[in-house]
>>> print(open('data-v5.txt').read())   # compact mmCIF, C-alpha atoms
# COMPACT_ATOMS: atom_id res chain seq x y z
CA MET T 23 -14.14 0.13 -6.15
CA LEU T 24 -14.98 -2.50 -3.62
CA PHE T 25 -12.93 -5.58 -2.84
CA GLU T 26 -14.73 -8.86 -2.21
CA GLU T 27 -13.89 -9.83 1.37
CA LYS T 28 -11.36 -12.62 1.76
CA LYS T 29 -10.09 -14.48 4.84
CA ILE T 30 -6.43 -15.46 4.96
CA LEU T 31 -4.51 -17.66 7.36
CA LEU T 32 -1.44 -15.97 8.76
CA LYS T 33 1.86 -17.71 9.47
CA ASN T 34 1.22 -17.32 13.21
CA GLY T 35 -2.03 -19.32 12.95
CA LYS T 36 -4.39 -16.35 13.26
CA THR T 37 -6.83 -15.37 10.55
CA ALA T 38 -7.06 -11.98 8.92
CA ASP T 39 -9.77 -10.36 6.87
CA LEU T 40 -8.95 -8.50 3.67
CA MET T 41 -11.74 -6.11 2.71
CA SER T 42 -12.47 -2.63 1.52
CA PRO T 43 -11.99 -0.06 4.29
CA ARG T 44 -15.18 1.01 6.04
CA ALA T 45 -16.09 4.58 6.93
CA THR T 46 -17.03 3.36 10.41
CA ASP T 47 -13.35 2.47 10.85
CA ALA T 48 -12.05 5.94 9.96
CA GLU T 49 -10.53 6.45 13.41
CA LYS T 50 -8.83 3.03 13.22
CA MET T 51 -7.52 3.85 9.75
CA LEU T 52 -6.00 7.12 10.98
CA HIS T 53 -4.41 5.35 13.94
CA PHE T 54 -3.02 2.70 11.59
CA VAL T 55 -1.41 5.13 9.15
CA LYS T 56 0.13 7.26 11.88
CA THR T 57 1.49 4.17 13.63
CA ALA T 58 2.84 2.68 10.38
CA CYS T 59 4.58 5.96 9.54
CA SER T 60 6.16 6.09 13.00
CA GLU T 61 7.61 2.58 12.64
CA THR T 62 9.69 3.08 9.51
CA ASP T 63 11.34 5.74 7.36
CA TYR T 64 10.23 3.87 4.25
CA LEU T 65 6.76 5.39 3.94
CA LEU T 66 6.10 8.72 2.24
CA ARG T 67 5.20 10.75 5.31
CA TYR T 68 6.03 11.23 8.95
CA PRO T 69 3.14 10.60 11.38
CA GLU T 70 2.73 14.29 12.19
CA GLU T 71 2.06 15.00 8.52
CA TRP T 72 -1.25 13.12 8.74
CA THR T 73 -3.53 15.98 9.72
CA MET T 74 -6.87 14.59 8.53
CA ASP T 75 -9.58 14.40 11.14
CA VAL T 76 -12.02 11.50 11.42
CA GLU T 77 -14.67 13.17 9.26
CA GLN T 78 -12.16 13.87 6.49
CA GLU T 79 -10.99 10.25 6.68
CA LYS T 80 -14.60 9.05 6.38
CA THR T 81 -15.00 11.18 3.27
CA TRP T 82 -11.78 9.79 1.80
CA ILE T 83 -12.87 6.19 2.53
CA ASN T 84 -16.30 6.74 0.96
CA ARG T 85 -14.65 8.28 -2.11
CA LEU T 86 -12.40 5.20 -2.41
CA ARG T 87 -15.35 2.84 -2.09
CA THR T 88 -17.20 4.55 -4.94
CA SER T 89 -14.24 5.34 -7.20
CA PRO T 90 -14.18 3.49 -10.53
CA ASP T 91 -10.38 3.84 -10.74
CA THR T 92 -9.05 3.25 -7.21
CA MET T 93 -9.42 0.36 -4.82
CA ALA T 94 -8.12 -0.04 -1.29
CA ILE T 95 -7.80 -3.29 0.62
CA THR T 96 -7.52 -3.16 4.39
CA CYS T 97 -6.25 -6.02 6.53
CA TYR T 98 -8.01 -6.56 9.84
CA VAL T 99 -6.76 -8.88 12.57
CA ASP T 100 -8.99 -9.25 15.63
CA GLY T 101 -10.96 -6.23 14.39
CA GLU T 102 -7.93 -3.94 14.26
CA VAL T 103 -6.44 -2.40 11.11
CA VAL T 104 -2.95 -3.84 10.63
CA GLY T 105 -2.35 -3.25 6.93
CA ASN T 106 -3.61 -1.37 3.93
CA CYS T 107 -2.89 -1.31 0.23
CA GLU T 108 -4.21 0.53 -2.77
CA ILE T 109 -4.27 0.26 -6.52
CA GLY T 110 -4.92 3.25 -8.74
CA PHE T 111 -5.73 2.71 -12.40
CA LYS T 112 -4.49 5.33 -14.83
CA SER T 113 -6.89 7.10 -17.17
CA GLY T 114 -6.28 8.60 -20.55
CA MET T 115 -5.55 6.73 -23.73
CA LYS T 116 -1.77 6.87 -23.47
CA ILE T 117 -1.45 5.56 -19.90
CA ALA T 118 -4.60 3.49 -19.30
CA HIS T 119 -2.56 0.29 -19.60
CA ARG T 120 -0.83 1.06 -16.26
CA ALA T 121 -1.80 0.91 -12.59
CA SER T 122 0.10 1.99 -9.46
CA ILE T 123 0.12 0.17 -6.14
CA ALA T 124 1.23 0.88 -2.58
CA ILE T 125 1.30 -1.22 0.60
CA ALA T 126 1.82 -0.53 4.32
CA ILE T 127 1.73 -3.04 7.17
CA LEU T 128 2.29 -2.52 10.90
CA LYS T 129 5.67 -3.80 12.08
CA ASN T 130 4.17 -6.37 14.48
CA TYR T 131 2.51 -8.00 11.46
CA TRP T 132 5.52 -8.19 9.14
CA ASN T 133 6.53 -11.67 7.93
CA LEU T 134 3.07 -13.19 8.47
CA GLY T 135 2.01 -13.36 4.79
CA ILE T 136 -0.12 -10.21 4.69
CA GLY T 137 2.06 -8.48 2.11
CA SER T 138 1.99 -11.51 -0.18
CA ALA T 139 -1.80 -11.86 0.16
CA MET T 140 -2.23 -8.18 -0.66
CA MET T 141 0.09 -8.39 -3.68
CA GLU T 142 -1.82 -11.41 -5.00
CA ALA T 143 -5.11 -9.54 -4.59
CA LEU T 144 -3.83 -6.34 -6.24
CA ILE T 145 -2.35 -8.21 -9.19
CA ALA T 146 -5.57 -10.22 -9.63
CA VAL T 147 -7.63 -7.01 -9.69
CA ALA T 148 -5.23 -5.48 -12.22
CA ARG T 149 -5.50 -8.57 -14.45
CA GLU T 150 -9.32 -8.51 -14.26
CA ARG T 151 -9.25 -4.87 -15.30
CA GLY T 152 -7.02 -5.65 -18.30
CA THR T 153 -4.04 -3.74 -16.97
CA GLU T 154 -0.76 -4.49 -18.73
CA ILE T 155 1.77 -2.95 -16.33
CA VAL T 156 1.63 -2.63 -12.55
CA GLU T 157 4.10 -0.16 -11.06
CA LEU T 158 5.28 0.92 -7.64
CA GLU T 159 8.05 2.78 -5.89
CA PHE T 160 10.13 1.93 -2.85
CA ILE T 161 12.72 3.81 -0.85
CA GLU T 162 16.42 2.90 -0.71
CA GLY T 163 17.16 0.54 2.17
CA ASN T 164 13.72 -1.06 2.25
CA GLU T 165 15.02 -4.53 1.42
CA ARG T 166 11.94 -6.23 2.89
CA ALA T 167 9.69 -4.49 0.38
CA LYS T 168 12.14 -4.98 -2.49
CA ASN T 169 12.26 -8.73 -1.78
CA LEU T 170 8.46 -8.95 -1.71
CA TYR T 171 8.13 -7.08 -4.98
CA GLU T 172 10.81 -9.15 -6.70
CA LYS T 173 9.10 -12.33 -5.45
CA PHE T 174 6.06 -11.21 -7.46
CA GLY T 175 8.08 -10.45 -10.59
CA PHE T 176 8.60 -6.71 -10.28
CA GLN T 177 11.84 -5.34 -11.69
CA ILE T 178 13.62 -2.07 -11.03
CA VAL T 179 13.46 0.07 -14.16
CA SER T 180 14.75 3.38 -12.83
CA GLU T 181 15.92 5.26 -9.77
CA LYS T 182 15.61 8.81 -8.56
CA PRO T 183 18.60 9.98 -6.50
CA ASN T 184 17.97 12.09 -3.39
CA ALA T 185 14.20 11.67 -3.73
CA PHE T 186 13.67 11.60 0.04
CA LYS T 187 15.28 13.66 2.77
CA LEU T 188 14.92 12.37 6.31
CA LYS T 189 14.75 14.58 9.39
CA ASP T 190 18.41 13.85 10.14
CA GLY T 191 19.41 15.18 6.70
CA THR T 192 20.01 11.76 5.11
CA TYR T 193 19.04 11.54 1.45
CA LEU T 194 17.60 8.31 0.06
CA LYS T 195 16.93 7.14 -3.49
CA GLU T 196 13.54 6.14 -4.75
CA TYR T 197 13.36 3.07 -6.98
CA TYR T 198 10.65 2.60 -9.58
CA MET T 199 9.55 -0.97 -10.37
CA GLN T 200 7.25 -2.49 -12.96
CA LYS T 201 5.62 -5.84 -13.52
CA TYR T 202 4.12 -6.85 -16.85
CA ILE T 203 1.00 -8.95 -16.41
>>> encode(input="data-v5.txt", output="structure tokens")
Amino acid sequence: MLFEEKKILLKNGKTADLMSPRATDAEKMLHFVKTACSETDYLLRYPEEWTMDVEQEKTWINRLRTSPDTMAITCYVDGEVVGNCEIGFKSGMKIAHRASIAIAILKNYWNLGIGSAMMEALIAVARERGTEIVELEFIEGNERAKNLYEKFGFQIVSEKPNAFKLKDGTYLKEYYMQKYI
């Protein structure tokens, strides 16, 4: 699925472009995800776990752009990838009323309004699709994400103890949130 490009004004006065990722930016996308994963323990992988090469990333981006059930939105500032989010719509009669979302933003771009703009866009796409429930997960300790999600009406509905194990041996819970739209 493709996202109609949108310009947003950031809290620092700069503008950002929200758009579907482009295959020509595969190298930038890989750099972004590895950097984002190196800046926080609250994403699903460590940077070294991203082993895709540029051609594989191009294939993944092209698959996203043509998928009827998944849409990614990438945030560009000054031509660089600084954030990315995704919504995946469920299929099958029993779960087609649900969609899952995920967001990642580079640390230097936190608190500028990108997360809120992405959430608004994802929720709007879910509404247009007729989705009833949007769901997501976040990792224990990620208060910034929790606050963003609660701001948009998400509520914790369950938790999974010891869902993540960090390199230092620390276990963290995973929280599952839902929003009815």
>>> closest_residue(input="data-v5.txt", among="T:Gly137, T:Gly163, T:Pro43, T:Gly152", to="T:Thr81", atoms="all atoms listed in the file")
T:Pro43
>>> closest_residue(input="data-v5.txt", among="T:Leu66, T:Leu24, T:Met140, T:Ala48", to="T:Gln78", atoms="all atoms listed in the file")
T:Ala48
>>> atom_distance(input="data-v5.txt", atom1="atom CA of T:Cys107", atom2="atom CA of T:Thr192")
26.8 Å
>>> residues_around(input="data-v5.txt", residues="stretch 110-119 of chain T", least_positions_apart="3", cutoff="8 Å", atoms="all atoms listed in the file", output="list in words")
Asp91, Thr92, Met93, Ser122, Ile123, Gly152, Thr153, Glu154 and Ile155 of chain T
>>> residues_around(input="data-v5.txt", residues="T:Tyr68", least_positions_apart="5", cutoff="8 Å", atoms="only C-alpha atoms", output="list of chain:residue names")
T:Lys56, T:Cys59, T:Ser60, T:Asp63
>>> write_last_selection(input="data-v5.txt", atoms="C-alpha atoms", output="PDB file, keeping the file's coordinate frame")
ATOM      1  CA  LYS T  56       0.130   7.260  11.880  1.00  0.00           C
ATOM      2  CA  CYS T  59       4.580   5.960   9.540  1.00  0.00           C
ATOM      3  CA  SER T  60       6.160   6.090  13.000  1.00  0.00           C
ATOM      4  CA  ASP T  63      11.340   5.740   7.360  1.00  0.00           C
TER       5      ASP T  63
END
>>> atom_distance(input="data-v5.txt", atom1="atom CA of T:Val179", atom2="atom CA of T:Tyr198")
5.9 Å
